[in-house]
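Okay, final.cif now, which holds mmCIF, C-alpha atoms; chains and numbers go by the auth columns:
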```cif
data_work
loop_
_atom_site.group_PDB
_atom_site.id
_atom_site.type_symbol
_atom_site.label_atom_id
_atom_site.label_comp_id
_atom_site.label_asym_id
_atom_site.label_seq_id
_atom_site.Cartn_x
_atom_site.Cartn_y
_atom_site.Cartn_z
_atom_site.B_iso_or_equiv
_atom_site.auth_seq_id
_atom_site.auth_asym_id
ATOM 1 C CA MET A 1 -56.310 46.414 41.918 0.00 1 A
ATOM 2 C CA THR A 2 -58.915 47.559 39.378 0.00 2 A
ATOM 3 C CA LEU A 3 -60.214 44.846 37.104 0.00 3 A
ATOM 4 C CA GLY A 4 -61.430 45.534 33.577 0.00 4 A
ATOM 5 C CA PRO A 5 -64.672 44.215 32.176 0.00 5 A
ATOM 6 C CA VAL A 6 -64.924 40.429 31.888 0.00 6 A
ATOM 7 C CA ARG A 7 -64.834 39.301 28.281 0.00 7 A
ATOM 8 C CA PRO A 8 -67.421 36.665 27.320 0.00 8 A
ATOM 9 C CA SER A 9 -66.070 33.197 26.577 0.00 9 A
ATOM 10 C CA PRO A 10 -65.522 32.230 22.922 0.00 10 A
ATOM 11 C CA LEU A 11 -68.495 29.842 23.112 0.00 11 A
ATOM 12 C CA VAL A 12 -70.785 32.606 24.353 0.00 12 A
ATOM 13 C CA GLU A 13 -69.530 34.983 21.649 0.00 13 A
ATOM 14 C CA GLN A 14 -70.070 32.383 18.935 0.00 14 A
ATOM 15 C CA ALA A 15 -73.567 31.586 20.192 0.00 15 A
ATOM 16 C CA ALA A 16 -74.444 35.272 20.392 0.00 16 A
ATOM 17 C CA GLN A 17 -73.129 35.867 16.870 0.00 17 A
ATOM 18 C CA ARG A 18 -75.233 33.017 15.447 0.00 18 A
ATOM 19 C CA LEU A 19 -78.370 34.226 17.200 0.00 19 A
ATOM 20 C CA ARG A 20 -77.664 37.812 16.157 0.00 20 A
ATOM 21 C CA ALA A 21 -77.275 36.709 12.527 0.00 21 A
ATOM 22 C CA GLN A 22 -80.658 34.987 12.650 0.00 22 A
ATOM 23 C CA ILE A 23 -82.313 38.065 14.130 0.00 23 A
ATOM 24 C CA THR A 24 -80.699 40.615 11.814 0.00 24 A
ATOM 25 C CA GLY A 25 -81.326 38.299 8.853 0.00 25 A
ATOM 26 C CA GLY A 26 -85.055 38.318 9.526 0.00 26 A
ATOM 27 C CA HIS A 27 -85.388 34.696 10.675 0.00 27 A
ATOM 28 C CA TRP A 28 -87.089 35.998 13.819 0.00 28 A
ATOM 29 C CA PRO A 29 -88.977 39.245 13.089 0.00 29 A
ATOM 30 C CA VAL A 30 -89.629 41.897 15.731 0.00 30 A
ATOM 31 C CA GLY A 31 -92.196 40.614 18.222 0.00 31 A
ATOM 32 C CA THR A 32 -91.230 36.970 17.792 0.00 32 A
ATOM 33 C CA ARG A 33 -90.792 34.862 20.904 0.00 33 A
ATOM 34 C CA LEU A 34 -87.491 32.989 20.720 0.00 34 A
ATOM 35 C CA PRO A 35 -87.383 29.231 21.292 0.00 35 A
ATOM 36 C CA GLY A 36 -86.623 28.151 24.843 0.00 36 A
ATOM 37 C CA GLU A 37 -83.109 27.770 26.184 0.00 37 A
ATOM 38 C CA THR A 38 -83.180 23.983 25.821 0.00 38 A
ATOM 39 C CA THR A 39 -84.186 24.188 22.157 0.00 39 A
ATOM 40 C CA LEU A 40 -81.609 26.871 21.376 0.00 40 A
ATOM 41 C CA ALA A 41 -78.916 24.906 23.200 0.00 41 A
ATOM 42 C CA LYS A 42 -79.581 21.866 21.020 0.00 42 A
ATOM 43 C CA GLU A 43 -79.632 23.939 17.830 0.00 43 A
ATOM 44 C CA LEU A 44 -76.374 25.695 18.701 0.00 44 A
ATOM 45 C CA GLY A 45 -74.656 22.669 20.211 0.00 45 A
ATOM 46 C CA VAL A 46 -73.899 24.403 23.502 0.00 46 A
ATOM 47 C CA GLY A 47 -75.092 24.291 27.088 0.00 47 A
ATOM 48 C CA ARG A 48 -78.081 26.197 28.446 0.00 48 A
ATOM 49 C CA SER A 49 -75.824 28.466 30.505 0.00 49 A
ATOM 50 C CA THR A 50 -74.018 29.491 27.309 0.00 50 A
ATOM 51 C CA VAL A 51 -77.352 30.285 25.647 0.00 51 A
ATOM 52 C CA ARG A 52 -78.385 32.304 28.679 0.00 52 A
ATOM 53 C CA GLU A 53 -75.217 34.421 28.520 0.00 53 A
ATOM 54 C CA ALA A 54 -75.593 34.866 24.755 0.00 54 A
ATOM 55 C CA LEU A 55 -79.146 36.119 25.227 0.00 55 A
ATOM 56 C CA ARG A 56 -77.919 38.575 27.832 0.00 56 A
ATOM 57 C CA ALA A 57 -75.404 39.901 25.314 0.00 57 A
ATOM 58 C CA LEU A 58 -78.180 40.321 22.737 0.00 58 A
ATOM 59 C CA ALA A 59 -80.319 42.095 25.314 0.00 59 A
ATOM 60 C CA GLY A 60 -77.424 44.439 25.976 0.00 60 A
ATOM 61 C CA ALA A 61 -77.276 45.171 22.245 0.00 61 A
ATOM 62 C CA GLY A 62 -80.961 46.080 22.284 0.00 62 A
ATOM 63 C CA LEU A 63 -82.063 43.138 20.132 0.00 63 A
ATOM 64 C CA VAL A 64 -84.090 41.078 22.599 0.00 64 A
ATOM 65 C CA ARG A 65 -85.909 41.553 25.889 0.00 65 A
ATOM 66 C CA ALA A 66 -86.996 38.996 28.451 0.00 66 A
ATOM 67 C CA ARG A 67 -90.587 39.185 29.677 0.00 67 A
ATOM 68 C CA HIS A 68 -91.118 37.608 33.047 0.00 68 A
ATOM 69 C CA GLY A 69 -93.018 34.371 32.694 0.00 69 A
ATOM 70 C CA ALA A 70 -93.423 34.785 28.936 0.00 70 A
ATOM 71 C CA GLY A 71 -89.984 34.229 27.437 0.00 71 A
ATOM 72 C CA VAL A 72 -87.488 36.231 25.371 0.00 72 A
ATOM 73 C CA PHE A 73 -88.779 38.371 22.526 0.00 73 A
ATOM 74 C CA VAL A 74 -87.118 40.105 19.585 0.00 74 A
ATOM 75 C CA ILE A 75 -87.501 43.891 19.939 0.00 75 A
ATOM 76 C CA ALA A 76 -85.185 45.081 17.135 0.00 76 A
ATOM 77 C CA THR A 77 -83.401 43.670 14.106 0.00 77 A
ATOM 78 C CA GLU A 78 -80.468 46.098 14.246 0.00 78 A
ATOM 79 C CA PRO A 79 -78.241 46.453 17.322 0.00 79 A
ATOM 80 C CA ALA A 80 -78.425 49.754 19.160 0.00 80 A
ATOM 81 C CA GLU A 81 -75.214 51.758 19.135 0.00 81 A
ATOM 82 C CA ASP A 82 -73.900 52.698 22.540 0.00 82 A
ATOM 83 C CA TRP A 83 -73.097 56.321 23.318 0.00 83 A
ATOM 84 C CA PRO A 84 -69.300 56.118 22.756 0.00 84 A
ATOM 85 C CA THR A 85 -69.853 54.407 19.399 0.00 85 A
ATOM 86 C CA ARG A 86 -72.337 57.044 18.282 0.00 86 A
ATOM 87 C CA LEU A 87 -69.890 59.776 19.274 0.00 87 A
ATOM 88 C CA ARG A 88 -67.091 58.173 17.264 0.00 88 A
ATOM 89 C CA ARG A 89 -69.373 58.196 14.222 0.00 89 A
ATOM 90 C CA ALA A 90 -70.649 61.729 14.804 0.00 90 A
ATOM 91 C CA GLN A 91 -69.604 64.780 12.837 0.00 91 A
ATOM 92 C CA VAL A 92 -67.321 67.127 14.756 0.00 92 A
ATOM 93 C CA SER A 93 -69.792 69.953 14.115 0.00 93 A
ATOM 94 C CA ASP A 94 -72.537 67.966 15.850 0.00 94 A
ATOM 95 C CA VAL A 95 -70.294 67.226 18.815 0.00 95 A
ATOM 96 C CA TYR A 96 -69.281 70.871 18.985 0.00 96 A
ATOM 97 C CA GLU A 97 -72.911 71.981 19.227 0.00 97 A
ATOM 98 C CA VAL A 98 -73.400 69.628 22.162 0.00 98 A
ATOM 99 C CA ARG A 99 -70.148 70.834 23.656 0.00 99 A
ATOM 100 C CA THR A 100 -71.418 74.395 23.632 0.00 100 A
ATOM 101 C CA ALA A 101 -74.608 73.429 25.448 0.00 101 A
ATOM 102 C CA VAL A 102 -72.722 71.385 28.045 0.00 102 A
ATOM 103 C CA GLU A 103 -69.896 73.810 28.688 0.00 103 A
ATOM 104 C CA VAL A 104 -71.903 77.016 28.833 0.00 104 A
ATOM 105 C CA GLN A 105 -74.105 75.485 31.513 0.00 105 A
ATOM 106 C CA ALA A 106 -71.037 74.075 33.260 0.00 106 A
ATOM 107 C CA ALA A 107 -69.390 77.514 33.292 0.00 107 A
ATOM 108 C CA ARG A 108 -72.505 79.035 34.814 0.00 108 A
ATOM 109 C CA LEU A 109 -72.615 76.384 37.522 0.00 109 A
ATOM 110 C CA ALA A 110 -68.859 76.579 38.089 0.00 110 A
ATOM 111 C CA ALA A 111 -69.135 80.292 38.902 0.00 111 A
ATOM 112 C CA ARG A 112 -71.773 79.476 41.502 0.00 112 A
ATOM 113 C CA ARG A 113 -70.218 76.355 43.012 0.00 113 A
ATOM 114 C CA ARG A 114 -66.439 76.726 42.647 0.00 114 A
ATOM 115 C CA THR A 115 -64.269 76.105 45.646 0.00 115 A
ATOM 116 C CA PRO A 116 -60.837 77.637 46.273 0.00 116 A
ATOM 117 C CA GLN A 117 -59.371 74.315 45.148 0.00 117 A
ATOM 118 C CA ASP A 118 -61.331 74.507 41.891 0.00 118 A
ATOM 119 C CA VAL A 119 -60.025 78.005 41.180 0.00 119 A
ATOM 120 C CA THR A 120 -56.483 76.825 41.867 0.00 120 A
ATOM 121 C CA ALA A 121 -56.975 73.912 39.446 0.00 121 A
ATOM 122 C CA ILE A 122 -58.309 76.230 36.725 0.00 122 A
ATOM 123 C CA GLU A 123 -55.411 78.631 37.256 0.00 123 A
ATOM 124 C CA ALA A 124 -52.963 75.730 36.936 0.00 124 A
ATOM 125 C CA ALA A 125 -54.694 74.575 33.760 0.00 125 A
ATOM 126 C CA LEU A 126 -54.466 78.069 32.286 0.00 126 A
ATOM 127 C CA ALA A 127 -50.758 78.133 33.114 0.00 127 A
ATOM 128 C CA GLY A 128 -50.431 74.757 31.383 0.00 128 A
ATOM 129 C CA ARG A 129 -52.210 76.096 28.316 0.00 129 A
ATOM 130 C CA ARG A 130 -49.848 79.052 28.193 0.00 130 A
ATOM 131 C CA ALA A 131 -46.843 76.779 28.536 0.00 131 A
ATOM 132 C CA ALA A 132 -48.153 74.632 25.689 0.00 132 A
ATOM 133 C CA ALA A 133 -48.057 77.662 23.386 0.00 133 A
ATOM 134 C CA ALA A 134 -44.461 76.693 22.713 0.00 134 A
ATOM 135 C CA ALA A 135 -45.456 73.136 21.764 0.00 135 A
ATOM 136 C CA ASP A 136 -47.111 71.607 18.709 0.00 136 A
ATOM 137 C CA ASP A 137 -50.817 71.783 17.909 0.00 137 A
ATOM 138 C CA THR A 138 -51.670 68.455 19.522 0.00 138 A
ATOM 139 C CA ALA A 139 -50.070 69.411 22.833 0.00 139 A
ATOM 140 C CA PHE A 140 -51.758 72.801 22.705 0.00 140 A
ATOM 141 C CA VAL A 141 -55.180 71.240 22.102 0.00 141 A
ATOM 142 C CA ASP A 142 -54.596 68.815 24.983 0.00 142 A
ATOM 143 C CA ALA A 143 -53.771 71.732 27.260 0.00 143 A
ATOM 144 C CA ASP A 144 -56.787 73.669 26.008 0.00 144 A
ATOM 145 C CA ILE A 145 -59.105 70.730 26.716 0.00 145 A
ATOM 146 C CA ALA A 146 -57.536 70.295 30.168 0.00 146 A
ATOM 147 C CA PHE A 147 -58.448 73.907 30.960 0.00 147 A
ATOM 148 C CA HIS A 148 -62.049 73.383 29.879 0.00 148 A
ATOM 149 C CA ALA A 149 -62.195 70.108 31.802 0.00 149 A
ATOM 150 C CA ALA A 150 -61.137 71.987 34.952 0.00 150 A
ATOM 151 C CA VAL A 151 -64.002 74.441 34.464 0.00 151 A
ATOM 152 C CA VAL A 152 -66.480 71.603 33.916 0.00 152 A
ATOM 153 C CA ALA A 153 -65.188 69.852 37.042 0.00 153 A
ATOM 154 C CA ALA A 154 -65.806 73.020 39.044 0.00 154 A
ATOM 155 C CA ALA A 155 -69.519 72.728 38.232 0.00 155 A
ATOM 156 C CA HIS A 156 -69.641 69.675 40.513 0.00 156 A
ATOM 157 C CA ASN A 157 -72.170 67.926 38.306 0.00 157 A
ATOM 158 C CA PRO A 158 -71.066 64.358 37.537 0.00 158 A
ATOM 159 C CA VAL A 159 -73.378 64.062 34.532 0.00 159 A
ATOM 160 C CA LEU A 160 -71.868 67.140 32.862 0.00 160 A
ATOM 161 C CA THR A 161 -68.402 65.830 33.648 0.00 161 A
ATOM 162 C CA ASP A 162 -69.198 62.427 32.136 0.00 162 A
ATOM 163 C CA LEU A 163 -70.665 64.015 28.989 0.00 163 A
ATOM 164 C CA PHE A 164 -67.585 66.171 28.507 0.00 164 A
ATOM 165 C CA THR A 165 -65.315 63.169 29.034 0.00 165 A
ATOM 166 C CA GLU A 166 -67.253 61.064 26.512 0.00 166 A
ATOM 167 C CA PHE A 167 -66.979 63.492 23.607 0.00 167 A
ATOM 168 C CA THR A 168 -63.440 64.673 24.362 0.00 168 A
ATOM 169 C CA PRO A 169 -61.734 62.218 21.910 0.00 169 A
ATOM 170 C CA VAL A 170 -63.848 63.394 18.946 0.00 170 A
ATOM 171 C CA LEU A 171 -63.452 67.006 20.019 0.00 171 A
ATOM 172 C CA ARG A 172 -59.695 66.627 20.360 0.00 172 A
ATOM 173 C CA ALA A 173 -59.295 65.245 16.846 0.00 173 A
ATOM 174 C CA GLY A 174 -61.493 67.980 15.406 0.00 174 A
ATOM 175 C CA LEU A 175 -59.608 70.801 17.108 0.00 175 A
ATOM 176 C CA VAL A 176 -56.222 69.455 16.016 0.00 176 A
ATOM 177 C CA ASP A 177 -57.505 69.342 12.431 0.00 177 A
ATOM 178 C CA LEU A 178 -58.927 72.847 12.760 0.00 178 A
ATOM 179 C CA LEU A 179 -55.592 74.284 13.869 0.00 179 A
ATOM 180 C CA ALA A 180 -53.809 72.546 11.026 0.00 180 A
ATOM 181 C CA LEU A 181 -56.286 73.924 8.486 0.00 181 A
ATOM 182 C CA THR A 182 -56.369 77.503 9.762 0.00 182 A
ATOM 183 C CA GLY A 183 -52.717 77.870 10.723 0.00 183 A
ATOM 184 C CA VAL A 184 -53.864 80.446 13.262 0.00 184 A
ATOM 185 C CA ARG A 185 -51.111 79.587 15.734 0.00 185 A
ATOM 186 C CA ALA A 186 -48.432 80.625 13.271 0.00 186 A
ATOM 187 C CA GLU A 187 -49.256 84.225 14.149 0.00 187 A
ATOM 188 C CA ASP A 188 -50.513 83.710 17.692 0.00 188 A
ATOM 189 C CA PRO A 189 -49.180 80.526 19.359 0.00 189 A
ATOM 190 C CA ASN A 190 -51.325 81.162 22.443 0.00 190 A
ATOM 191 C CA THR A 191 -54.477 82.024 20.543 0.00 191 A
ATOM 192 C CA GLY A 192 -57.578 82.584 22.653 0.00 192 A
ATOM 193 C CA ASP A 193 -55.651 83.372 25.831 0.00 193 A
ATOM 194 C CA ASP A 194 -57.643 86.533 26.629 0.00 194 A
ATOM 195 C CA ALA A 195 -60.941 84.647 26.528 0.00 195 A
ATOM 196 C CA HIS A 196 -59.610 81.910 28.783 0.00 196 A
ATOM 197 C CA GLU A 197 -58.278 84.474 31.250 0.00 197 A
ATOM 198 C CA ALA A 198 -61.668 86.199 31.252 0.00 198 A
ATOM 199 C CA LEU A 199 -63.425 82.894 31.900 0.00 199 A
ATOM 200 C CA LEU A 200 -61.113 82.132 34.805 0.00 200 A
ATOM 201 C CA ARG A 201 -61.784 85.547 36.330 0.00 201 A
ATOM 202 C CA ALA A 202 -65.553 85.237 35.919 0.00 202 A
ATOM 203 C CA VAL A 203 -65.596 81.826 37.586 0.00 203 A
ATOM 204 C CA ALA A 204 -63.311 82.987 40.387 0.00 204 A
ATOM 205 C CA ASP A 205 -65.484 86.086 40.953 0.00 205 A
ATOM 206 C CA GLY A 206 -68.673 84.027 41.011 0.00 206 A
ATOM 207 C CA ASP A 207 -70.101 85.889 38.015 0.00 207 A
ATOM 208 C CA ALA A 208 -72.236 83.199 36.378 0.00 208 A
ATOM 209 C CA ASP A 209 -73.671 85.370 33.596 0.00 209 A
ATOM 210 C CA THR A 210 -70.276 86.633 32.492 0.00 210 A
ATOM 211 C CA ALA A 211 -68.771 83.143 32.648 0.00 211 A
ATOM 212 C CA ALA A 212 -71.532 81.795 30.397 0.00 212 A
ATOM 213 C CA ARG A 213 -71.287 84.730 27.988 0.00 213 A
ATOM 214 C CA VAL A 214 -67.495 84.570 27.686 0.00 214 A
ATOM 215 C CA LEU A 215 -67.504 80.825 27.092 0.00 215 A
ATOM 216 C CA HIS A 216 -70.327 80.980 24.570 0.00 216 A
ATOM 217 C CA ALA A 217 -68.467 83.647 22.581 0.00 217 A
ATOM 218 C CA GLU A 218 -65.231 81.658 22.732 0.00 218 A
ATOM 219 C CA LEU A 219 -66.864 78.435 21.567 0.00 219 A
ATOM 220 C CA GLU A 220 -68.457 80.180 18.586 0.00 220 A
ATOM 221 C CA ASP A 221 -64.915 80.545 17.256 0.00 221 A
ATOM 222 C CA PRO A 222 -62.560 78.519 19.502 0.00 222 A
ATOM 223 C CA PHE A 223 -59.299 79.798 18.056 0.00 223 A
ATOM 224 C CA ALA A 224 -60.234 83.305 16.980 0.00 224 A
ATOM 225 C CA HIS A 225 -57.738 86.104 17.495 0.00 225 A
#
```

For this file, produce the structure as C-alpha cells.
Amino acid sequence: MTLGPVRPSPLVEQAAQRLRAQITGGHWPVGTRLPGETTLAKELGVGRSTVREALRALAGAGLVRARHGAGVFVIATEPAEDWPTRLRRAQVSDVYEVRTAVEVQAARLAARRRTPQDVTAIEAALAGRRAAAAADDTAFVDADIAFHAAVVAAAHNPVLTDLFTEFTPVLRAGLVDLLALTGVRAEDPNTGDDAHEALLRAVADGDADTAARVLHAELEDPFAH
C-alpha cells in the first residue's frame, strides 16, 4: 500500500503559522538568529519537539536555515514557492515556451533511444488521438497530451519526463481554452494529425533531426491546419 505524505499535527501547524507571521511581519529580519527551542516553546506554549517540527516546516518554506552549532537563522521574509505552485501561477504562454524546449529535446532523444515497445506505445497513443477526434475538446486535448507524453517517455530521461508531467495541468487547461477560442476542430476534428504522424515516423526511423524539426513546427502552432 502506498502512503501519502504525513500531514503535520495541528499544534505544529499552529506553531509554524505563528513563527511565520513573526518572520513575514518583520519581527525577525533576515540574518536574525531565532531564540532557542526552549525559549520558543515557552513563548508558544508548546513542547520543544513541536517547535522543532515547526522550524523544519519553515525551513522547507525557505524562511529559515539551521547552522550547525550556531542556531537557526532567518534567510527570507517571504516563503519560496515550490515548482508546482509557480506553474499554477504561470501564464500559459510561459509554460508553452518551456514545453517547446523540453519536447523538442525529448523528440530528438526519443529518435535515438526508442525501443520497439516505445514505438508501439506512440502508435497506440496516435490511434487514441485519432479516436478522440469524435469526442469533445477536453477529451481530444487529453489524447493529444498522451501522445506527446509517449514521445517524451521514449527519450528515457526521467528529468524531462518529470518536467513534462509537472506542467501538464497548466498546458491542458490552456489547450482546451485555445480550441474553444479558435473553433478549429469544427472544420477539422483531428487537426494536426499529419504532423503527429510525421513525428511518429521520424522517431520510429531514428531520424533525430527530423523529429525535432517536425515537433518544433507543430508546437509553434499546435492546432494549425

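Closest to Val46 in chain A among A:Arg185, A:Arg108, A:His196, A:Arg18 is A:Arg18, based on only C-alpha atoms.
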
Calculated over all atoms listed in the file, which of the candidates A:His68, A:Arg201, A:His27, A:Arg48 has the smallest distance to Arg114 in chain A? A:Arg201

Written as a PyMOL selection string, which residues does the PyMOL selection byres ((chain A and resi 204) around 10) give for the file shown? chain A and resi 110-116+118-120+122-123+198-203+205-208+211

Let me see the file: selected residues, C-alpha atoms, as a compact mmCIF listing (two decimals), in the frame of the given file.
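Final output, saved to again-v5.txt:
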```
# COMPACT_ATOMS: atom_id res chain seq x y z
CA ALA A 110 -68.86 76.58 38.09
CA ALA A 111 -69.14 80.29 38.90
CA ARG A 112 -71.77 79.48 41.50
CA ARG A 113 -70.22 76.36 43.01
CA ARG A 114 -66.44 76.73 42.65
CA THR A 115 -64.27 76.10 45.65
CA PRO A 116 -60.84 77.64 46.27
CA ASP A 118 -61.33 74.51 41.89
CA VAL A 119 -60.02 78.00 41.18
CA THR A 120 -56.48 76.82 41.87
CA ILE A 122 -58.31 76.23 36.72
CA GLU A 123 -55.41 78.63 37.26
CA ALA A 198 -61.67 86.20 31.25
CA LEU A 199 -63.42 82.89 31.90
CA LEU A 200 -61.11 82.13 34.80
CA ARG A 201 -61.78 85.55 36.33
CA ALA A 202 -65.55 85.24 35.92
CA VAL A 203 -65.60 81.83 37.59
CA ASP A 205 -65.48 86.09 40.95
CA GLY A 206 -68.67 84.03 41.01
CA ASP A 207 -70.10 85.89 38.02
CA ALA A 208 -72.24 83.20 36.38
CA ALA A 211 -68.77 83.14 32.65
```

Can you list what the PyMOL selection byres ((chain A and resi 100) around 10) grabs from this structure, as number ranges by chain? A: 95-99, 101-106, 215-220

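Straight-line separation from CA of Ala57 in chain A to CA of Asp162 in chain A: 24.3 Å.
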
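Reported to one decimal place, the separation of CA of Arg213 in chain A from CA of Thr182 in chain A is 24.6 Å.
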
Would you kindly translate the PyMOL selection byres ((chain A and resi 138-153) around 7) into the concrete residues it picks from this file, as number ranges by chain? A: 103, 106-107, 110, 121-122, 125-126, 128-129, 132-133, 135-137, 154-156, 161, 172, 175-176

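Here CA of Asp94 in chain A is placed at a distance of 14.8 Å from CA of Leu178 in chain A.
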
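Using all atoms listed in the file for every distance, the candidate list A:Gln14, A:Ala76, A:Pro35, A:Ala131 yields A:Ala131 as the residue closest to Asp193 in chain A.
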
Env of Val74 in chain A: 10 Å cut, atoms = only C-alpha atoms, seq-sep filter 6 positions within chain, self excluded. Answer as a list of chain:residue names. A:Ile23, A:Trp28, A:Pro29, A:Val30, A:Gly31, A:Thr32, A:Arg33, A:Leu34, A:Leu58, A:Ala59, A:Gly62, A:Leu63, A:Val64, A:Arg65, A:Ala66

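Nearest to Pro189 in chain A of all the residues A:Leu11, A:Ala134, A:Leu44, A:Leu160 is A:Ala134, based on only C-alpha atoms.
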